[in-house]
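Peer 1: Dropping in my_file.csv, with CSV, C-alpha atoms and all ligand atoms.
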chain,number,residue,atom,x,y,z
A,1,MET,CA,70.7,41.5,-33.6
A,2,ARG,CA,68.8,44.5,-32.3
A,3,MET,CA,65.2,44.3,-31.7
A,4,HIS,CA,64.1,46.5,-34.6
A,5,GLU,CA,66.4,44.4,-36.9
A,6,THR,CA,64.8,41.2,-35.7
A,7,ARG,CA,61.4,42.6,-36.3
A,8,MET,CA,62.4,43.7,-39.8
A,9,LEU,CA,63.8,40.3,-40.5
A,10,ILE,CA,60.7,38.6,-39.3
A,11,ALA,CA,58.6,41.0,-41.4
A,12,LEU,CA,60.8,40.3,-44.5
A,13,VAL,CA,60.7,36.5,-44.0
A,14,GLY,CA,57.0,36.7,-43.4
A,15,ALA,CA,56.4,38.7,-46.6
A,16,ALA,CA,58.5,36.2,-48.6
A,17,LEU,CA,56.6,33.3,-47.2
A,18,VAL,CA,53.3,34.9,-48.0
A,19,GLY,CA,54.5,35.7,-51.5
A,20,MET,CA,55.6,32.2,-52.0
A,21,ALA,CA,52.4,30.8,-50.8
A,22,GLN,CA,50.3,33.1,-52.9
A,23,ALA,CA,52.0,33.2,-56.2
A,24,PRO,CA,51.0,29.7,-57.4
A,25,LEU,CA,47.5,30.2,-56.1
A,26,SER,CA,46.7,33.3,-57.9
A,27,GLU,CA,45.2,31.7,-61.0
A,28,MET,CA,43.2,29.4,-58.9
A,29,ASP,CA,41.9,32.2,-56.8
A,30,ALA,CA,40.9,34.2,-59.9
A,31,HIS,CA,38.7,31.2,-61.0
A,32,ILE,CA,37.3,30.9,-57.5
A,33,ASN,CA,36.5,34.6,-57.3
A,34,ALA,CA,34.9,34.5,-60.7
A,35,ALA,CA,32.8,31.5,-59.6
A,36,LYS,CA,31.9,33.2,-56.3
A,37,ALA,CA,30.8,36.4,-58.1
A,38,ALA,CA,28.7,34.3,-60.5
A,39,ALA,CA,27.1,32.3,-57.8
A,40,GLY,CA,25.9,35.2,-55.8
A,41,LEU,CA,23.4,34.1,-53.2
A,42,ASP,CA,21.6,31.9,-55.7
A,43,TYR,CA,24.0,29.1,-56.3
A,44,ARG,CA,26.0,28.8,-53.0
A,45,ALA,CA,25.8,24.9,-52.8
A,46,THR,CA,27.0,24.5,-56.4
A,47,PHE,CA,29.8,26.9,-55.7
A,48,VAL,CA,31.0,25.2,-52.4
A,49,ASN,CA,30.6,21.7,-53.7
A,50,LEU,CA,32.5,22.4,-57.0
A,51,CYS,CA,35.1,24.9,-55.9
A,52,PHE,CA,36.0,23.1,-52.7
A,53,PRO,CA,35.3,19.4,-53.5
A,54,GLY,CA,37.6,18.1,-50.8
A,55,ALA,CA,35.6,19.8,-48.0
A,56,ASN,CA,33.2,16.9,-47.9
A,57,PRO,CA,34.7,13.4,-48.0
A,58,ALA,CA,31.5,11.9,-49.5
A,59,LEU,CA,31.6,14.5,-52.3
A,60,ALA,CA,35.3,13.9,-52.9
A,61,ASN,CA,34.7,10.2,-53.5
A,62,PRO,CA,31.4,10.0,-55.5
A,63,ALA,CA,32.3,6.5,-56.8
A,64,ALA,CA,32.0,5.1,-53.3
A,65,ALA,CA,29.0,7.3,-52.5
A,66,ARG,CA,27.1,6.4,-55.6
A,67,ALA,CA,27.2,2.7,-54.9
A,68,GLY,CA,24.2,3.5,-52.8
A,69,GLY,CA,23.8,7.1,-53.7
A,70,ALA,CA,24.1,8.3,-50.2
A,71,GLY,CA,26.9,10.7,-51.0
A,72,GLN,CA,24.8,13.8,-51.1
A,73,ALA,CA,25.8,15.6,-48.0
A,74,GLY,CA,25.8,12.7,-45.7
A,75,GLY,CA,23.8,10.2,-43.8
A,76,ARG,CA,20.6,9.5,-45.6
A,77,GLY,CA,20.2,6.1,-43.9
A,78,ALA,CA,22.4,3.0,-43.8
A,79,ALA,CA,20.1,1.1,-46.1
A,80,VAL,CA,20.8,3.6,-48.9
A,81,ALA,CA,24.5,3.7,-48.1
A,82,ARG,CA,24.8,0.0,-48.5
A,83,GLY,CA,23.0,0.1,-51.9
A,84,THR,CA,20.6,-2.6,-50.9
A,85,GLY,CA,17.7,-0.8,-52.5
A,86,ALA,CA,15.9,-0.8,-49.2
A,87,THR,CA,13.6,2.2,-48.6
A,88,PRO,CA,15.0,4.7,-46.0
A,89,ASP,CA,12.6,6.2,-43.5
A,90,ARG,CA,10.0,8.1,-45.5
A,91,ALA,CA,10.0,10.9,-42.9
A,92,THR,CA,13.5,11.8,-44.1
A,93,TRP,CA,12.8,12.1,-47.9
A,94,TYR,CA,9.1,12.2,-49.0
A,95,ALA,CA,7.9,15.3,-50.8
A,96,SER,CA,4.5,15.9,-52.4
A,97,PRO,CA,4.5,16.4,-56.2
A,98,TYR,CA,4.1,19.9,-57.6
A,99,LYS,CA,2.9,21.5,-60.8
A,100,ILE,CA,5.6,23.9,-61.8
A,101,PHE,CA,4.4,25.3,-65.1
A,102,ASP,CA,1.3,24.6,-67.3
A,103,ASN,CA,2.7,21.3,-68.6
A,104,PHE,CA,5.7,20.7,-66.4
A,105,TYR,CA,5.7,19.0,-63.0
A,106,TRP,CA,8.2,18.2,-60.2
A,107,LEU,CA,8.2,14.6,-58.8
A,108,GLY,CA,11.2,14.7,-56.5
A,109,THR,CA,12.2,13.7,-53.1
A,110,ARG,CA,13.5,16.4,-50.8
A,111,HIS,CA,17.0,15.8,-52.3
A,112,HIS,CA,16.7,14.3,-55.8
A,113,SER,CA,14.5,15.6,-58.6
A,114,SER,CA,12.5,13.8,-61.2
A,115,TRP,CA,10.4,15.9,-63.6
A,116,ALA,CA,7.4,15.3,-66.0
A,117,LEU,CA,6.9,17.2,-69.2
A,118,ARG,CA,3.4,16.8,-70.7
A,119,THR,CA,3.3,16.9,-74.4
A,120,THR,CA,0.5,16.4,-76.9
A,121,ASP,CA,1.7,12.9,-77.4
A,122,GLY,CA,2.4,11.7,-73.9
A,123,LEU,CA,4.6,12.3,-70.9
A,124,VAL,CA,8.4,12.7,-70.9
A,125,ILE,CA,10.0,11.9,-67.5
A,126,ILE,CA,13.4,13.5,-66.9
A,127,ASP,CA,15.5,11.6,-64.5
A,128,THR,CA,14.0,9.0,-62.2
A,129,ASN,CA,15.5,8.6,-58.7
A,130,PHE,CA,16.4,5.7,-56.5
A,131,ALA,CA,14.3,2.6,-57.1
A,132,TRP,CA,12.4,3.0,-53.8
A,133,ALA,CA,11.1,6.4,-55.0
A,134,THR,CA,9.6,5.3,-58.3
A,135,GLU,CA,6.2,4.2,-56.9
A,136,PRO,CA,5.6,6.9,-54.2
A,137,GLU,CA,7.1,9.9,-56.1
A,138,ILE,CA,6.8,9.3,-59.8
A,139,ILE,CA,3.9,6.9,-60.3
A,140,ASP,CA,1.8,8.1,-57.4
A,141,GLY,CA,2.9,11.7,-57.9
A,142,LEU,CA,1.7,11.7,-61.5
A,143,THR,CA,-1.7,10.2,-60.4
A,144,THR,CA,-2.0,12.9,-57.6
A,145,LEU,CA,-1.5,15.6,-60.2
A,146,GLY,CA,-4.1,14.1,-62.5
A,147,LEU,CA,-1.7,12.6,-65.0
A,148,ASP,CA,-1.7,9.0,-66.2
A,149,PRO,CA,1.6,7.1,-65.8
A,150,ARG,CA,0.5,4.9,-68.7
A,151,GLN,CA,1.1,7.9,-70.8
A,152,ILE,CA,4.8,8.0,-70.1
A,153,LYS,CA,6.4,7.9,-73.6
A,154,TYR,CA,10.0,8.6,-72.8
A,155,VAL,CA,12.3,8.5,-69.8
A,156,LEU,CA,15.4,10.7,-70.2
A,157,ILE,CA,18.3,9.8,-68.0
A,158,SER,CA,20.8,12.6,-67.6
A,159,HIS,CA,23.5,10.2,-66.4
A,160,ALA,CA,23.8,6.6,-65.2
A,161,HIS,CA,24.1,7.0,-61.4
A,162,GLY,CA,21.7,5.2,-59.1
A,163,ASP,CA,20.2,8.4,-57.6
A,164,HIS,CA,18.9,9.4,-61.1
A,165,ASP,CA,18.4,6.2,-63.1
A,166,GLN,CA,17.1,3.4,-60.8
A,167,GLY,CA,13.5,4.0,-61.8
A,168,ALA,CA,14.1,3.7,-65.5
A,169,ALA,CA,13.8,0.0,-65.9
A,170,GLU,CA,10.5,-0.1,-64.0
A,171,LEU,CA,8.9,2.7,-66.1
A,172,GLN,CA,10.1,1.0,-69.2
A,173,LYS,CA,8.7,-2.4,-68.2
A,174,ARG,CA,5.4,-1.3,-66.7
A,175,PHE,CA,4.4,1.5,-69.2
A,176,GLY,CA,6.4,0.8,-72.3
A,177,ALA,CA,8.4,4.0,-71.9
A,178,LYS,CA,11.5,4.4,-74.1
A,179,VAL,CA,14.6,5.1,-72.1
A,180,VAL,CA,17.0,7.8,-73.6
A,181,MET,CA,20.6,8.0,-72.5
A,182,GLY,CA,24.1,8.9,-73.6
A,183,ALA,CA,26.0,6.2,-75.4
A,184,ALA,CA,28.8,5.8,-72.9
A,185,ASP,CA,26.3,5.7,-70.0
A,186,TRP,CA,24.3,3.0,-71.7
A,187,GLU,CA,27.5,0.9,-71.8
A,188,SER,CA,28.0,1.2,-68.1
A,189,THR,CA,24.3,0.6,-67.4
A,190,LEU,CA,24.2,-2.6,-69.4
A,191,GLN,CA,27.2,-4.0,-67.4
A,192,ARG,CA,25.2,-3.9,-64.2
A,193,SER,CA,24.1,-7.0,-62.4
A,194,PRO,CA,20.5,-8.0,-63.2
A,195,THR,CA,19.9,-7.9,-59.4
A,196,ALA,CA,21.0,-4.2,-59.2
A,197,ALA,CA,18.5,-2.0,-57.4
A,198,GLY,CA,15.7,-1.1,-59.8
A,199,GLY,CA,16.9,-3.6,-62.4
A,200,VAL,CA,18.6,-2.9,-65.8
A,201,PRO,CA,16.7,-1.1,-68.6
A,202,ALA,CA,16.9,-2.4,-72.1
A,203,ARG,CA,18.7,-0.1,-74.5
A,204,ASP,CA,16.2,2.1,-76.4
A,205,VAL,CA,17.4,5.5,-77.6
A,206,VAL,CA,21.1,6.2,-77.7
A,207,VAL,CA,22.4,9.8,-77.6
A,208,GLY,CA,25.6,10.0,-79.6
A,209,PRO,CA,28.4,12.6,-79.3
A,210,ALA,CA,26.5,15.0,-81.6
A,211,GLY,CA,23.4,15.1,-79.4
A,212,MET,CA,19.9,14.9,-80.8
A,213,LYS,CA,16.6,16.5,-80.9
A,214,LEU,CA,13.8,14.4,-79.4
A,215,THR,CA,10.3,15.3,-80.4
A,216,SER,CA,7.2,14.2,-78.5
A,217,GLY,CA,4.0,15.7,-80.0
A,218,ASP,CA,4.2,19.5,-79.8
A,219,THR,CA,7.5,19.6,-77.9
A,220,THR,CA,11.1,19.2,-79.0
A,221,ILE,CA,13.8,18.6,-76.5
A,222,ASP,CA,17.4,19.5,-77.4
A,223,ILE,CA,19.6,16.9,-75.9
A,224,ILE,CA,23.1,18.2,-75.5
A,225,PRO,CA,26.0,15.9,-74.6
A,226,THR,CA,27.9,17.3,-71.6
A,227,PRO,CA,30.4,14.6,-70.8
A,228,GLY,CA,32.5,15.0,-67.6
A,229,HIS,CA,30.5,14.0,-64.5
A,230,THR,CA,30.1,10.7,-66.4
A,231,PRO,CA,31.2,10.1,-70.0
A,232,GLY,CA,27.6,10.0,-71.3
A,233,THR,CA,26.1,12.8,-69.3
A,234,SER,CA,23.4,14.7,-71.2
A,235,SER,CA,21.9,18.1,-70.5
A,236,TYR,CA,18.7,19.5,-72.0
A,237,VAL,CA,17.1,22.6,-73.4
A,238,PHE,CA,13.4,22.6,-74.0
A,239,PRO,CA,10.2,24.7,-73.9
A,240,VAL,CA,7.3,24.6,-71.5
A,241,LYS,CA,4.2,26.7,-71.3
A,242,ALA,CA,3.8,29.2,-68.5
A,243,GLN,CA,0.3,30.7,-68.4
A,244,GLY,CA,0.0,29.9,-72.1
A,245,ARG,CA,3.3,31.5,-73.0
A,246,ALA,CA,6.4,29.6,-74.2
A,247,LEU,CA,9.3,29.5,-71.7
A,248,MET,CA,12.7,27.9,-72.3
A,249,LEU,CA,14.4,25.7,-69.7
A,250,ALA,CA,18.0,24.6,-69.3
A,251,TYR,CA,18.7,21.4,-67.4
A,252,SER,CA,22.1,20.6,-66.1
A,253,GLY,CA,22.6,16.9,-66.2
A,254,GLY,CA,25.7,16.2,-64.0
A,255,THR,CA,27.5,18.3,-61.4
A,256,LEU,CA,30.2,16.9,-59.2
A,257,THR,CA,33.9,16.6,-60.2
A,258,GLY,CA,35.3,15.0,-57.1
A,259,ALA,CA,36.6,11.9,-58.8
A,260,PHE,CA,38.5,13.6,-61.6
A,261,GLY,CA,41.9,13.7,-59.7
A,262,THR,CA,44.8,14.6,-62.0
A,263,ASN,CA,43.0,13.6,-65.2
A,264,ALA,CA,43.4,16.9,-67.1
A,265,ALA,CA,41.5,15.7,-70.1
A,266,ARG,CA,38.4,14.9,-68.0
A,267,TRP,CA,38.5,18.4,-66.3
A,268,ASP,CA,38.8,20.0,-69.8
A,269,GLU,CA,36.0,17.9,-71.2
A,270,TYR,CA,33.8,19.0,-68.2
A,271,ILE,CA,34.7,22.7,-68.7
A,272,GLU,CA,34.0,22.5,-72.4
A,273,SER,CA,30.6,20.8,-71.7
A,274,GLN,CA,29.6,23.7,-69.4
A,275,LYS,CA,30.4,26.1,-72.2
A,276,ARG,CA,28.4,24.1,-74.7
A,277,ILE,CA,25.3,23.9,-72.6
A,278,ALA,CA,25.6,27.5,-71.6
A,279,LYS,CA,25.7,28.5,-75.3
A,280,ALA,CA,22.8,26.3,-76.2
A,281,ALA,CA,20.8,27.7,-73.3
A,282,ALA,CA,21.6,31.3,-74.2
A,283,ASP,CA,20.9,30.7,-77.9
A,284,ALA,CA,17.5,29.3,-77.0
A,285,GLY,CA,16.7,32.1,-74.6
A,286,ALA,CA,16.5,29.9,-71.5
A,287,THR,CA,15.4,31.7,-68.4
A,288,VAL,CA,15.0,28.7,-66.0
A,289,ILE,CA,17.9,26.6,-64.7
A,290,LEU,CA,17.1,23.1,-63.4
A,291,SER,CA,19.2,20.3,-61.9
A,292,ASN,CA,18.5,16.8,-60.7
A,293,HIS,CA,19.5,17.7,-57.1
A,294,SER,CA,17.5,20.3,-55.1
A,295,GLU,CA,20.8,21.2,-53.5
A,296,TYR,CA,21.8,23.0,-56.7
A,297,ASP,CA,18.6,24.5,-58.1
A,298,ASN,CA,16.5,24.7,-54.9
A,299,ALA,CA,13.7,22.9,-56.7
A,300,TYR,CA,12.0,21.6,-53.6
A,301,THR,CA,11.9,25.0,-52.0
A,302,LYS,CA,10.9,26.8,-55.2
A,303,ALA,CA,8.1,24.3,-55.9
A,304,ARG,CA,6.5,25.1,-52.6
A,305,LEU,CA,7.1,28.9,-53.1
A,306,ILE,CA,4.9,28.9,-56.3
A,307,ALA,CA,1.8,29.1,-54.1
A,308,ALA,CA,3.2,31.8,-51.9
A,309,LYS,CA,2.3,35.5,-52.3
A,310,ARG,CA,4.6,37.4,-54.7
A,311,GLU,CA,5.6,41.0,-54.1
A,312,VAL,CA,5.7,43.5,-56.9
A,313,GLY,CA,8.7,42.7,-59.0
A,314,GLU,CA,9.0,39.1,-57.9
A,315,ASP,CA,8.7,36.5,-60.7
A,316,HIS,CA,7.8,32.9,-60.7
A,317,PRO,CA,10.3,31.3,-58.3
A,318,PHE,CA,11.8,29.1,-61.1
A,319,VAL,CA,12.4,32.0,-63.5
A,320,VAL,CA,16.0,33.3,-63.0
A,321,GLY,CA,16.4,35.1,-66.3
A,322,ALA,CA,18.9,34.5,-69.1
A,323,GLU,CA,21.6,36.1,-66.9
A,324,GLY,CA,20.8,33.7,-64.0
A,325,VAL,CA,21.1,30.7,-66.3
A,326,ARG,CA,24.5,32.0,-67.6
A,327,ARG,CA,25.8,32.6,-64.1
A,328,TYR,CA,25.0,29.0,-63.1
A,329,PHE,CA,27.1,27.5,-65.9
A,330,THR,CA,29.8,30.0,-65.1
A,331,VAL,CA,30.0,28.7,-61.5
A,332,MET,CA,30.4,25.2,-62.9
A,333,ALA,CA,33.1,26.1,-65.4
A,334,GLU,CA,35.1,28.4,-63.2
A,335,CYS,CA,35.0,26.1,-60.2
A,336,ALA,CA,36.2,23.2,-62.4
A,337,ALA,CA,39.0,25.3,-63.6
A,338,ALA,CA,40.0,26.1,-60.0
A,339,SER,CA,39.7,22.6,-58.8
A,340,LYS,CA,41.7,21.3,-61.8
A,341,LEU,CA,44.6,23.5,-60.7
A,342,ARG,CA,44.2,22.5,-57.1
A,343,ALA,CA,44.3,18.8,-58.1
A,344,GLY,CA,47.5,19.5,-60.0
A,345,ALA,CA,46.1,18.1,-63.2
A,346,LYS,CA,48.2,19.2,-66.2
B,401,ZN,ZN,26.0,11.5,-60.6
What's the structure tokens form of this structure?
Peer 2:
Amino acid sequence: MRMHETRMLIALVGAALVGMAQAPLSEMDAHINAAKAAAGLDYRATFVNLCFPGANPALANPAAARAGGAGQAGGRGAAVARGTGATPDRATWYASPYKIFDNFYWLGTRHHSSWALRTTDGLVIIDTNFAWATEPEIIDGLTTLGLDPRQIKYVLISHAHGDHDQGAAELQKRFGAKVVMGAADWESTLQRSPTAAGGVPARDVVVGPAGMKLTSGDTTIDIIPTPGHTPGTSSYVFPVKAQGRALMLAYSGGTLTGAFGTNAARWDEYIESQKRIAKAAADAGATVILSNHSEYDNAYTKARLIAAKREVGEDHPFVVGAEGVRRYFTVMAECAAASKLRAGAK
């Protein structure tokens, strides 16, 4: 074979191999490209974690990670990883509480968020955190902000994983708060050992598959079932006041898909859920997107930016506009569609 023939053969074989490798990927790539475009610079972590779930072993196996809740991007202390409930070094997680809008407050650690909504008939806490954060972040945080923890009326749990629900039982027991959670997640919660970190809350308000509207005083929270991350995951759409004006918020209740494997029904359920919450958010005119992990909504950074000088044209750091909210849920749905194909779920 002459040299030029050899080169041509190599070129042909190469082209064939590239063609073979790319053909089955094209649909997945289209979803990834759609997610990437929707993510822009705003939702990079959501894009990476959902479109490439295998890239981080802890994210690929949230079941193991959630035993102690240390699965969020690695090494938050051995005590957490073992799920003993012991408090990790405060220097690695403590964050001051922040007022976000007139009647809405952030009570998170640097990684996980808990929120307080002040209504005319008491406080609504959205997601708690690990048990060790209840006192320093939620209870002391409320007090620091001039709010009274005894006024906590409801505790909404977006889904029953330790990094969001371990504080629920204590708030229920100490302040008589009613705990609100999806039906399926109540079932898994009630099966926990009484010695589980933070204890086990008693079943109060059960959110069924049709969702519900929960009213506290002047504020109604639209609770939208978004099963997928867990079977009972809930997301929320609700109003707050910003300098006296009503503002709608959308709250994404569960994010990672790393444990779905080849379970096509679970992928499809998750994708449907993102479409459902995206529509509810759009219908309500939501212009703020929130998560329970700062990794996804940059809550900790944004909370501190509220006090920073704004240039002309810059809005409140949490306000991303209706388009920004829509893009967030597009990232979730498109990445899930891509990851479903990669997992070979049919
Ligand atoms: Zn979770």
Peer 1: As a list in words, please: every protein or nucleic acid residue near ligand ZN 401 (chain B) (cut-off 8 Å, counting only C-alpha atoms and all ligand atoms).
Peer 2: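 Here is the list of contacting residues: Pro62, Arg66, His159, Ala160, His161, Gly162, Asp163, His164, His229, Thr230, Gly254, Thr255 and Leu256 of chain A.
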Peer 1: Mind checking which residues fall within 10 Å of range 33-49 of chain A, counting only C-alpha atoms, ignoring those fewer than 6 positions away in the same chain, and posting them as a PDB file with C-alpha atoms, in the coordinates of the input?
Peer 2:
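Written output follows (part_16.pdb):
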ATOM      1  CA  GLU A  27      45.200  31.700 -61.000  1.00  0.00           C
ATOM      2  CA  ALA A  55      35.600  19.800 -48.000  1.00  0.00           C
ATOM      3  CA  ASN A  56      33.200  16.900 -47.900  1.00  0.00           C
ATOM      4  CA  LEU A  59      31.600  14.500 -52.300  1.00  0.00           C
ATOM      5  CA  ALA A  60      35.300  13.900 -52.900  1.00  0.00           C
ATOM      6  CA  ALA A  73      25.800  15.600 -48.000  1.00  0.00           C
ATOM      7  CA  THR A 255      27.500  18.300 -61.400  1.00  0.00           C
ATOM      8  CA  LEU A 256      30.200  16.900 -59.200  1.00  0.00           C
ATOM      9  CA  THR A 257      33.900  16.600 -60.200  1.00  0.00           C
ATOM     10  CA  GLY A 258      35.300  15.000 -57.100  1.00  0.00           C
ATOM     11  CA  SER A 294      17.500  20.300 -55.100  1.00  0.00           C
ATOM     12  CA  GLU A 295      20.800  21.200 -53.500  1.00  0.00           C
ATOM     13  CA  TYR A 296      21.800  23.000 -56.700  1.00  0.00           C
ATOM     14  CA  ASP A 297      18.600  24.500 -58.100  1.00  0.00           C
ATOM     15  CA  ASN A 298      16.500  24.700 -54.900  1.00  0.00           C
ATOM     16  CA  VAL A 320      16.000  33.300 -63.000  1.00  0.00           C
ATOM     17  CA  GLU A 323      21.600  36.100 -66.900  1.00  0.00           C
ATOM     18  CA  GLY A 324      20.800  33.700 -64.000  1.00  0.00           C
ATOM     19  CA  ARG A 326      24.500  32.000 -67.600  1.00  0.00           C
ATOM     20  CA  ARG A 327      25.800  32.600 -64.100  1.00  0.00           C
ATOM     21  CA  TYR A 328      25.000  29.000 -63.100  1.00  0.00           C
ATOM     22  CA  PHE A 329      27.100  27.500 -65.900  1.00  0.00           C
ATOM     23  CA  THR A 330      29.800  30.000 -65.100  1.00  0.00           C
ATOM     24  CA  VAL A 331      30.000  28.700 -61.500  1.00  0.00           C
ATOM     25  CA  MET A 332      30.400  25.200 -62.900  1.00  0.00           C
ATOM     26  CA  ALA A 333      33.100  26.100 -65.400  1.00  0.00           C
ATOM     27  CA  GLU A 334      35.100  28.400 -63.200  1.00  0.00           C
ATOM     28  CA  CYS A 335      35.000  26.100 -60.200  1.00  0.00           C
ATOM     29  CA  ALA A 336      36.200  23.200 -62.400  1.00  0.00           C
ATOM     30  CA  ALA A 337      39.000  25.300 -63.600  1.00  0.00           C
ATOM     31  CA  ALA A 338      40.000  26.100 -60.000  1.00  0.00           C
TER      32      ALA A 338
END
Peer 1: Applying 9 Å and all atoms listed in the file, which residues near Arg150 in chain A remain after dropping the ones on its own chain fewer than 5 positions away? List them as number ranges by chain.
Peer 2: A: 122-123, 174-177
Peer 1: Using all atoms listed in the file, pick whichever of A:Asp102, A:Asp268, A:Asp283, A:Asp218 has the shortest atom-to-atom distance to Arg245 in chain A.
Peer 2: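 Of A:Asp102, A:Asp268, A:Asp283, A:Asp218, the one nearest Arg245 in chain A, counting all atoms listed in the file, is A:Asp102.
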Peer 1: Pick out the closest residue to Lys173 in chain A from this set: A:Ala307, A:Ile152, A:Val237, A:Leu341. Count all atoms listed in the file.
Peer 2: A:Ile152
Peer 1: One decimal, Å: what's the distance from CA of Glu272 in chain A over to CA of Ser339 in chain A, could you say?
Peer 2: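 Computed distance, CA of Glu272 in chain A to CA of Ser339 in chain A, equals 14.7 Å.
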Peer 1: Where does range 68-187 of chain A meet range 246-253 of chain A within 12 Å, residue by residue, with the nearest atom pair and distance in Å to one decimal for each, counting only C-alpha atoms, listed by chain and rising number, as CSV?
Peer 2:
residue,atom,partner,partner_atom,distance
A:Ile100,CA,A:Leu247,CA,12.0
A:Phe101,CA,A:Leu247,CA,9.2
A:Asp102,CA,A:Ala246,CA,9.9
A:Asn103,CA,A:Ala246,CA,10.7
A:Phe104,CA,A:Leu249,CA,10.6
A:Ser113,CA,A:Gly253,CA,11.2
A:Ser114,CA,A:Tyr251,CA,11.6
A:Trp115,CA,A:Tyr251,CA,10.7
A:Leu117,CA,A:Leu249,CA,11.3
A:Ile126,CA,A:Tyr251,CA,9.5
A:Asp127,CA,A:Gly253,CA,9.0
A:Leu156,CA,A:Gly253,CA,10.3
A:Ile157,CA,A:Gly253,CA,8.5
A:Ser158,CA,A:Gly253,CA,4.9
A:His159,CA,A:Gly253,CA,6.8
A:Ala160,CA,A:Gly253,CA,10.4
A:His161,CA,A:Gly253,CA,11.1
A:His164,CA,A:Gly253,CA,9.8
A:Asp165,CA,A:Gly253,CA,11.9
A:Met181,CA,A:Gly253,CA,11.1
A:Gly182,CA,A:Gly253,CA,11.0
Peer 1: Please determine, counting all atoms listed in the file, which residue among A:Gly344, A:Gly208, A:Gly313, A:Gly108 has the shortest atom-to-atom distance to Ala264 in chain A.
Peer 2: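 Comparing A:Gly344, A:Gly208, A:Gly313, A:Gly108 against Ala264 in chain A, the winner is A:Gly344.
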Peer 1: Is it possible to add all heavy atoms to range 262-266 of chain A and hand it back as a PDB file, in the frame of the given file?
Peer 2:
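Listing of selection-v7.pdb after writing:
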ATOM      1  N   THR A 262      43.842  13.869 -61.166  1.00  0.00           N
ATOM      2  CA  THR A 262      44.800  14.600 -62.000  1.00  0.00           C
ATOM      3  C   THR A 262      44.522  14.337 -63.511  1.00  0.00           C
ATOM      4  O   THR A 262      45.375  14.598 -64.365  1.00  0.00           O
ATOM      5  CB  THR A 262      46.244  14.085 -61.715  1.00  0.00           C
ATOM      6  OG1 THR A 262      46.282  12.659 -61.868  1.00  0.00           O
ATOM      7  CG2 THR A 262      46.655  14.459 -60.304  1.00  0.00           C
ATOM      8  N   ASN A 263      43.340  13.840 -63.822  1.00  0.00           N
ATOM      9  CA  ASN A 263      43.000  13.600 -65.200  1.00  0.00           C
ATOM     10  C   ASN A 263      42.591  14.885 -65.917  1.00  0.00           C
ATOM     11  O   ASN A 263      41.422  15.282 -65.952  1.00  0.00           O
ATOM     12  CB  ASN A 263      41.803  12.575 -65.226  1.00  0.00           C
ATOM     13  CG  ASN A 263      41.440  12.121 -66.628  1.00  0.00           C
ATOM     14  OD1 ASN A 263      41.814  12.762 -67.611  1.00  0.00           O
ATOM     15  ND2 ASN A 263      40.716  11.029 -66.723  1.00  0.00           N
ATOM     16  N   ALA A 264      43.594  15.536 -66.479  1.00  0.00           N
ATOM     17  CA  ALA A 264      43.400  16.900 -67.100  1.00  0.00           C
ATOM     18  C   ALA A 264      42.359  16.825 -68.206  1.00  0.00           C
ATOM     19  O   ALA A 264      41.542  17.744 -68.349  1.00  0.00           O
ATOM     20  CB  ALA A 264      44.713  17.413 -67.601  1.00  0.00           C
ATOM     21  N   ALA A 265      42.379  15.756 -69.005  1.00  0.00           N
ATOM     22  CA  ALA A 265      41.500  15.700 -70.100  1.00  0.00           C
ATOM     23  C   ALA A 265      40.004  15.662 -69.646  1.00  0.00           C
ATOM     24  O   ALA A 265      39.113  16.254 -70.271  1.00  0.00           O
ATOM     25  CB  ALA A 265      41.739  14.403 -70.947  1.00  0.00           C
ATOM     26  N   ARG A 266      39.789  15.009 -68.515  1.00  0.00           N
ATOM     27  CA  ARG A 266      38.400  14.900 -68.000  1.00  0.00           C
ATOM     28  C   ARG A 266      37.963  16.297 -67.470  1.00  0.00           C
ATOM     29  O   ARG A 266      36.820  16.708 -67.684  1.00  0.00           O
ATOM     30  CB  ARG A 266      38.344  13.883 -66.878  1.00  0.00           C
ATOM     31  CG  ARG A 266      36.923  13.548 -66.527  1.00  0.00           C
ATOM     32  CD  ARG A 266      36.800  12.252 -65.758  1.00  0.00           C
ATOM     33  NE  ARG A 266      35.422  12.068 -65.319  1.00  0.00           N
ATOM     34  CZ  ARG A 266      35.061  11.225 -64.368  1.00  0.00           C
ATOM     35  NH1 ARG A 266      35.979  10.490 -63.755  1.00  0.00           N
ATOM     36  NH2 ARG A 266      33.794  11.115 -64.014  1.00  0.00           N
TER      37      ARG A 266
END
